[in-house]
Each structure stands twice: as C-alpha cells, then as structure tokens.
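*Asks:* Got a structure for you, written out below as structure tokens; questions coming shortly.
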Amino acid sequence: HADCMVEPFFSEYIEGSSWNKALEIYNPNEQAFNLEHCWVEIYSNGSTDVGYTVALSDVVPGGETQVLCNDRMDESEQGRCDILENSLIFNGDDAVVLICGGAGDAEARRIADVIGQVGNDPGSSWGSGNLSTKNATLRRDCGVVIGDDVKDDVFTPAESFVGEDIDVFDGLGAHCD
C-alpha cells in the first residue's frame, strides 16, 4: 500500500577526479518506487539556493537502485549508469539533496535524503580521508534504512557511510548485495 512506502535514499556517492561524479539512489521498499516525482538538487559552496537540478524518472523495483552519473565521466565506467546527465556537477563542499513529492506544490515536497549540509560551506569537504565528500567514494552503511530528511543539520559521513578511495566504481548499481 503506497502510504507505507519509505522514501528512497542515497546509497552511494562518488566525488572523483575530473568529471567522475555519480549518485546511486536505493529503493528500500519491497514494492517498486516511481522516481518520476523525485529529483536531485545541488547546493554549491554553502549556498541556500539550488545551483543545479537533475530530474529523475523510471520505476525502480524494490531493493534495486538507479545510478546517475555525469555524462563526461570516464567512458569505461558509464555502463554502470542508468542516467547520464551533464548537470550532475558537485564538489566536496556542495550539498546534494534528494527531493520527492509534488513538483508544482512546494508543500508536498519531501526531503528524502541529504549528503552535506545546505547553507554551510565546510571548506573543501565534510569528513576527512576516504570518509570525506571530496575525492572519495562513500557507500551507505547496510544498517541504514532511511535517509537524512533534514537539509541543514550537521553532516558527518562516518555516521552512516563507509569510505572507499577516489574513483572506486565497482559498487555502483548494487546496494549491500
């Protein structure tokens, strides 16, 4: 029953070299989830205004993912992507927000998940080392079942992600398999 559905969330985040940018969105429900009314907003350098918006589409089966990638990322890795989008542009100090709900009705907008903290410029990144939003791959801890629905709360990657080195793509498309 649709009212019992949980919002999808970011299960992987890649902020790699050059144009290697990717986001994996996971459907934690048993039933399919229609991402047609969801989109990604990118807030650059601590801004409270949206810099880039990426529309989503397609129905994602329960327990499956949709992978968005910058269309200029390494061609050898583009086969892992469901959507190639030139406006998927972010760096380690940019907040990335997954929104679902009424596109034309601001009241129906729901924040499904956030990586970073909207309105806060952390310098170069949130976190450090490979548990950072800069030059790293972050994979959501398998124990996480729901996203962060507060866009301006403190973001600490180590609380819900495991880190990989820069340009690690081998987990894209499969969350906790």
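FYI, nothing fancy with the structure tokens labels: chains A, B, ... in order, residues from 1 per chain, ligands from 1 as they appear.
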So that I can check the surroundings of Gly46 of chain A, please list as a PyMOL selection string every protein, DNA and RNA residue that reaches within 10 Å of it, counting only C-alpha atoms and ignoring chain neighbours fewer than 4 positions away.

*Replies:* chain A and resi 93-95+116-123

*Asks:* Kindly save the residues from that selection, with all heavy atoms included, as an mmCIF file, in the first residue's frame.

*Replies:*
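Here's the written file result_22.cif:
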data_model
loop_
_atom_site.group_PDB
_atom_site.id
_atom_site.type_symbol
_atom_site.label_atom_id
_atom_site.label_comp_id
_atom_site.auth_asym_id
_atom_site.auth_seq_id
_atom_site.Cartn_x
_atom_site.Cartn_y
_atom_site.Cartn_z
ATOM 1 N N ASP A 93 32.435 20.270 -1.302
ATOM 2 C CA ASP A 93 31.788 21.234 -0.406
ATOM 3 C C ASP A 93 30.378 21.598 -0.859
ATOM 4 O O ASP A 93 29.808 22.582 -0.402
ATOM 5 C CB ASP A 93 32.649 22.496 -0.270
ATOM 6 C CG ASP A 93 32.835 23.242 -1.590
ATOM 7 O OD1 ASP A 93 32.497 22.685 -2.660
ATOM 8 O OD2 ASP A 93 33.317 24.379 -1.541
ATOM 9 N N ASP A 94 29.793 20.795 -1.727
ATOM 10 C CA ASP A 94 28.440 21.040 -2.224
ATOM 11 C C ASP A 94 27.462 20.039 -1.612
ATOM 12 O O ASP A 94 27.720 18.839 -1.609
ATOM 13 C CB ASP A 94 28.391 20.909 -3.752
ATOM 14 C CG ASP A 94 29.339 21.880 -4.448
ATOM 15 O OD1 ASP A 94 29.664 22.930 -3.853
ATOM 16 O OD2 ASP A 94 29.758 21.580 -5.575
ATOM 17 N N ALA A 95 26.341 20.545 -1.094
ATOM 18 C CA ALA A 95 25.310 19.665 -0.537
ATOM 19 C C ALA A 95 24.456 19.099 -1.662
ATOM 20 O O ALA A 95 24.118 19.794 -2.626
ATOM 21 C CB ALA A 95 24.442 20.433 0.462
ATOM 22 N N GLY A 116 25.770 16.191 2.942
ATOM 23 C CA GLY A 116 26.259 17.529 3.197
ATOM 24 C C GLY A 116 25.289 18.288 4.083
ATOM 25 O O GLY A 116 24.407 17.697 4.713
ATOM 26 N N GLN A 117 25.458 19.591 4.128
ATOM 27 C CA GLN A 117 24.619 20.456 4.961
ATOM 28 C C GLN A 117 24.329 21.729 4.174
ATOM 29 O O GLN A 117 25.222 22.540 3.935
ATOM 30 C CB GLN A 117 25.349 20.776 6.268
ATOM 31 C CG GLN A 117 24.568 21.626 7.225
ATOM 32 C CD GLN A 117 25.344 21.915 8.508
ATOM 33 O OE1 GLN A 117 26.508 21.553 8.655
ATOM 34 N NE2 GLN A 117 24.697 22.581 9.428
ATOM 35 N N VAL A 118 23.066 21.900 3.755
ATOM 36 C CA VAL A 118 22.671 23.070 2.979
ATOM 37 C C VAL A 118 22.879 24.323 3.835
ATOM 38 O O VAL A 118 22.515 24.356 5.003
ATOM 39 C CB VAL A 118 21.201 22.954 2.513
ATOM 40 C CG1 VAL A 118 20.747 24.235 1.827
ATOM 41 C CG2 VAL A 118 21.030 21.753 1.588
ATOM 42 N N GLY A 119 23.506 25.338 3.224
ATOM 43 C CA GLY A 119 23.733 26.600 3.920
ATOM 44 C C GLY A 119 25.032 26.640 4.705
ATOM 45 O O GLY A 119 25.331 27.633 5.362
ATOM 46 N N ASN A 120 25.820 25.567 4.655
ATOM 47 C CA ASN A 120 27.099 25.524 5.360
ATOM 48 C C ASN A 120 28.199 25.195 4.360
ATOM 49 O O ASN A 120 28.142 24.172 3.700
ATOM 50 C CB ASN A 120 27.048 24.461 6.464
ATOM 51 C CG ASN A 120 28.381 24.271 7.173
ATOM 52 O OD1 ASN A 120 29.356 24.964 6.911
ATOM 53 N ND2 ASN A 120 28.416 23.319 8.076
ATOM 54 N N ASP A 121 29.203 26.068 4.284
ATOM 55 C CA ASP A 121 30.370 25.770 3.453
ATOM 56 C C ASP A 121 31.431 25.183 4.376
ATOM 57 O O ASP A 121 31.975 25.881 5.229
ATOM 58 C CB ASP A 121 30.890 27.035 2.776
ATOM 59 C CG ASP A 121 32.004 26.735 1.781
ATOM 60 O OD1 ASP A 121 32.598 25.636 1.849
ATOM 61 O OD2 ASP A 121 32.275 27.600 0.940
ATOM 62 N N PRO A 122 31.728 23.882 4.245
ATOM 63 C CA PRO A 122 32.645 23.221 5.170
ATOM 64 C C PRO A 122 34.123 23.466 4.853
ATOM 65 O O PRO A 122 34.990 22.872 5.488
ATOM 66 C CB PRO A 122 32.309 21.745 4.960
ATOM 67 C CG PRO A 122 31.978 21.677 3.498
ATOM 68 C CD PRO A 122 31.226 22.965 3.217
ATOM 69 N N GLY A 123 34.419 24.317 3.872
ATOM 70 C CA GLY A 123 35.791 24.451 3.384
ATOM 71 C C GLY A 123 35.894 23.608 2.134
ATOM 72 O O GLY A 123 35.248 23.895 1.136
#

*Asks:* Which residues come within 6 Å of segment 33-44 of chain A, counting only C-alpha atoms, excluding same-chain residues fewer than 4 positions away, as a PyMOL selection string?

*Replies:* chain A and resi 50-60+94-101

*Asks:* Name the residues of segment 39-137 of chain A that come out as strand (DSSP E or B) in a backbone DSSP run; write them as a PyMOL selection string.

*Replies:* chain A and resi 39-43+52-55+59-60+65-70+83-85+95-100+110-115+127-128+131-132+136-137

*Asks:* Which neighbours of Trp19 of chain A fall inside 8 Å, counting only C-alpha atoms, when residues of the same chain fewer than 3 positions from it are skipped, and could you give them as a PDB file with C-alpha atoms, in the first residue's frame?

*Replies:*
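Output file part_27.pdb follows:
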ATOM      1  CA  GLY A  16      36.087  11.548  -8.004  1.00  0.00           C
ATOM      2  CA  ASN A  70      27.903  12.989 -15.036  1.00  0.00           C
ATOM      3  CA  ARG A  72      31.572  13.303 -19.054  1.00  0.00           C
ATOM      4  CA  MET A  73      32.797  10.745 -16.525  1.00  0.00           C
ATOM      5  CA  ASP A  74      35.238   8.004 -17.575  1.00  0.00           C
ATOM      6  CA  ILE A  89      28.065  18.713 -11.063  1.00  0.00           C
TER       7      ILE A  89
END
